[in-house]
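Shown next: structure-v9.tsv, containing TSV, C-alpha atoms.
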```
chain	number	residue	atom	x	y	z
P	1	MET	CA	-114.33	-94.39	70.36
P	2	ASN	CA	-115.07	-90.94	69.05
P	3	ARG	CA	-111.35	-90.15	69.04
P	4	GLN	CA	-110.60	-93.24	66.95
P	5	LYS	CA	-113.21	-92.21	64.37
P	6	SER	CA	-111.76	-88.69	64.21
P	7	ALA	CA	-108.23	-90.03	63.75
P	8	ALA	CA	-109.39	-92.48	61.08
P	9	ALA	CA	-111.26	-89.71	59.24
P	10	LEU	CA	-108.17	-87.47	59.41
P	11	VAL	CA	-105.93	-90.23	58.01
P	12	ALA	CA	-108.43	-90.94	55.23
P	13	CYS	CA	-108.61	-87.25	54.35
P	14	ALA	CA	-104.81	-86.94	54.30
P	15	LEU	CA	-104.58	-90.01	52.06
P	16	ILE	CA	-107.11	-88.56	49.60
P	17	VAL	CA	-105.23	-85.25	49.46
P	18	ALA	CA	-101.88	-87.05	48.93
P	19	LEU	CA	-103.36	-89.15	46.11
P	20	GLY	CA	-104.79	-86.02	44.49
P	21	ILE	CA	-101.43	-84.26	44.58
P	22	LEU	CA	-99.73	-87.35	43.15
P	23	ALA	CA	-102.27	-87.52	40.31
P	24	LEU	CA	-101.74	-83.84	39.46
P	25	ALA	CA	-97.94	-84.22	39.48
P	26	THR	CA	-98.09	-87.29	37.25
P	27	ASN	CA	-100.43	-85.55	34.79
P	28	ALA	CA	-98.24	-82.44	34.62
P	29	SER	CA	-95.08	-84.42	33.84
P	30	ALA	CA	-96.82	-86.58	31.24
P	31	ALA	CA	-97.92	-83.59	29.14
P	32	PRO	CA	-94.83	-81.58	28.21
P	33	ASP	CA	-95.25	-77.89	27.49
P	34	LYS	CA	-95.16	-77.08	23.77
P	35	LYS	CA	-93.07	-73.99	24.53
P	36	ASP	CA	-90.34	-76.09	26.17
P	37	LYS	CA	-88.28	-76.88	23.08
P	38	SER	CA	-84.72	-77.72	23.96
P	39	SER	CA	-83.41	-77.36	20.41
P	40	GLY	CA	-85.57	-74.36	19.52
P	41	ARG	CA	-87.17	-73.43	16.22
P	42	LEU	CA	-85.53	-72.95	12.85
P	43	LEU	CA	-86.53	-70.02	10.64
P	44	PHE	CA	-85.26	-70.28	7.08
P	45	GLY	CA	-86.14	-69.19	3.59
P	46	LYS	CA	-84.97	-67.23	0.56
P	47	VAL	CA	-84.63	-63.58	-0.40
P	48	LEU	CA	-86.04	-63.14	-3.91
P	49	ASP	CA	-86.70	-60.39	-6.44
P	50	THR	CA	-90.04	-59.92	-8.24
P	51	GLN	CA	-89.12	-62.62	-10.82
P	52	ASP	CA	-88.25	-65.12	-8.02
P	53	ASN	CA	-84.50	-64.82	-8.64
P	54	PRO	CA	-82.31	-65.14	-5.53
P	55	LEU	CA	-80.65	-61.97	-4.26
P	56	PRO	CA	-77.19	-62.93	-2.95
P	57	ASP	CA	-75.65	-60.62	-0.36
P	58	ALA	CA	-79.03	-59.30	0.79
P	59	VAL	CA	-79.22	-58.78	4.55
P	60	VAL	CA	-82.00	-60.40	6.60
P	61	TYR	CA	-82.98	-58.79	9.91
P	62	LEU	CA	-84.67	-60.82	12.66
P	63	THR	CA	-86.12	-58.87	15.61
P	64	ASN	CA	-87.17	-60.38	18.93
P	65	THR	CA	-90.36	-58.40	19.58
P	66	ARG	CA	-90.05	-58.68	23.37
P	67	THR	CA	-86.43	-57.54	23.82
P	68	ARG	CA	-86.06	-55.71	20.46
P	69	ALA	CA	-82.73	-57.54	19.99
P	70	VAL	CA	-81.83	-57.86	16.30
P	71	LYS	CA	-79.92	-60.66	14.56
P	72	THR	CA	-78.69	-60.31	10.98
P	73	TYR	CA	-77.79	-62.78	8.27
P	74	ILE	CA	-76.09	-62.10	4.92
P	75	VAL	CA	-77.74	-64.51	2.47
P	76	ASN	CA	-75.81	-67.08	0.44
P	77	ALA	CA	-75.32	-67.06	-3.33
P	78	ASP	CA	-78.57	-69.01	-3.71
P	79	GLY	CA	-80.46	-66.41	-1.65
P	80	THR	CA	-81.00	-68.62	1.41
P	81	TYR	CA	-80.93	-67.56	5.05
P	82	ARG	CA	-81.37	-69.42	8.32
P	83	PHE	CA	-81.82	-68.56	11.98
P	84	PRO	CA	-81.53	-71.72	14.13
P	85	ALA	CA	-82.31	-72.24	17.82
P	86	LEU	CA	-85.03	-69.59	18.16
P	87	SER	CA	-87.17	-69.57	21.28
P	88	GLY	CA	-90.62	-71.09	20.90
P	89	ALA	CA	-91.96	-68.67	23.51
P	90	THR	CA	-91.10	-65.49	21.59
P	91	ASP	CA	-92.59	-63.56	18.67
P	92	TYR	CA	-90.22	-62.47	15.91
P	93	GLU	CA	-90.33	-60.10	12.94
P	94	VAL	CA	-88.21	-60.68	9.86
P	95	TYR	CA	-87.45	-58.62	6.76
P	96	ALA	CA	-84.68	-58.26	4.16
P	97	GLN	CA	-82.84	-55.35	2.58
P	98	TYR	CA	-80.96	-55.28	-0.72
P	99	LYS	CA	-79.34	-52.22	-2.30
P	100	GLY	CA	-81.57	-49.77	-0.42
P	101	ARG	CA	-84.80	-51.69	-1.06
P	102	LYS	CA	-86.73	-53.54	1.64
P	103	SER	CA	-89.11	-56.51	1.74
P	104	GLU	CA	-92.35	-56.59	3.68
P	105	THR	CA	-91.95	-57.43	7.35
P	106	LYS	CA	-93.21	-60.92	8.18
P	107	SER	CA	-94.07	-62.27	11.63
P	108	LEU	CA	-93.29	-65.53	13.37
P	109	SER	CA	-95.70	-66.04	16.27
P	110	GLN	CA	-95.03	-67.93	19.49
P	111	PHE	CA	-98.37	-69.65	18.81
P	112	ASP	CA	-96.97	-71.18	15.59
P	113	ASP	CA	-95.80	-74.53	16.97
P	114	ARG	CA	-93.87	-75.71	13.89
P	115	SER	CA	-90.24	-76.56	14.67
P	116	GLN	CA	-89.16	-75.42	11.18
P	117	VAL	CA	-90.71	-72.36	9.53
P	118	TYR	CA	-90.02	-71.39	5.90
P	119	ILE	CA	-90.57	-67.75	4.88
P	120	ASP	CA	-89.60	-66.23	1.53
P	121	LEU	CA	-88.87	-62.50	1.56
P	122	LYS	CA	-89.56	-60.68	-1.73
P	123	ILE	CA	-87.87	-57.38	-2.50
P	124	LYS	CA	-89.59	-55.18	-5.06
```
Take the structure from the file and write it as structure tokens.
Amino acid sequence: MNRQKSAAALVACALIVALGILALATNASAAPDKKDKSSGRLLFGKVLDTQDNPLPDAVVYLTNTRTRAVKTYIVNADGTYRFPALSGATDYEVYAQYKGRKSETKSLSQFDDRSQVYIDLKIK
């Protein structure tokens, strides 16, 4: 009789553990990670002078702060730039240069969960 109670208690314990694991697995799959963005983030904006005029042919530099890899973009006639498909789990720094002058360096944090981020870069 004692053996039957021990076996029943063991089965009940195993069932409770299995249900707990199942509950944890279901909860983890129901709440997707904010950093898991299949399409990535879009960083875009304009390069402007002090009077808010676009600066065509300015060069925008985007630096991945973890790897120090740099991407560049030569802005359009209307002063716009865009960097699509950026990782949501990485910090970036961005600045522009035009005819030897440089804008302030701006940051894009991994904690900024917007899928599209607009940053104007002003060159003085």
Subject >> Option closest in space to P:Arg41, from P:Thr105, P:Gln110, P:Gln97, P:Ser87 [counting all atoms listed in the file] >> reply: P:Ser87
Subject >> Proximity to P:Arg101 - best of P:Val117, P:Lys71, P:Asp78, P:Lys124, all atoms listed in the file >> reply: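 Of the candidates, the smallest distance to P:Arg101 is held by P:Lys124.
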Subject >> Two-atom distance - atom CA of P:Glu104, atom CA of P:Ala77 (Å) >> reply: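 It comes out at 21.2 Å.
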**OP:** For P:Lys106, work out the shell of residues within 9 Å, counting all atoms listed in the file and skipping chain neighbours fewer than 2 positions away, then give it as a VMD selection string.
**Re:** chain P and resid 92 to 95 103 to 104 108 119 121
Original post:
Counting all atoms listed in the file, what is within 8 Å of P:Gly45, bar same-chain residues fewer than 3 positions away, as a list in words?
Top reply: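 Neighbouring residues, sequence-local ones excluded: Thr80, Tyr81, Arg82, Tyr118, Ile119, Asp120 and Leu121 of chain P.
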Original post:
Hey, which of P:Val70, P:Val60, P:Leu48, P:Leu86 ends up closest to P:Gln116? Count all atoms listed in the file.
Top reply: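 Among the listed residues, P:Leu86 lies closest to P:Gln116.
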Original post:
Which residue, P:Leu42, P:Val75, P:Ala89, P:Val59, has the smallest gap to P:Ser109 when you use all atoms listed in the file?
Top reply: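 Among P:Leu42, P:Val75, P:Ala89, P:Val59, it is P:Ala89 that comes nearest to P:Ser109.
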Original post:
P:Pro84, P:Tyr98, P:Asp91, P:Ile123: which is nearest P:Leu43, counting only C-alpha atoms?
Top reply: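 Looking at the shortest contact to P:Leu43, the residue is P:Pro84.
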**OP:** Please measure the separation of atom CA of P:Gly79 and atom CA of P:Asp112, giving the value in Å to one decimal.
**Re:**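 Here the two named atoms are 24.3 Å from each other.
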Original post:
Just how far from atom CA of P:Ile74 is atom CA of P:Tyr61, in Å to one decimal?
Top reply: 9.1 Å
Subject >> Using only C-alpha atoms: which of P:Pro56, P:Lys99, P:Thr90, P:Lys46 has the shortest distance to P:Arg68 >> reply: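 Among P:Pro56, P:Lys99, P:Thr90, P:Lys46, it is P:Thr90 that comes nearest to P:Arg68.
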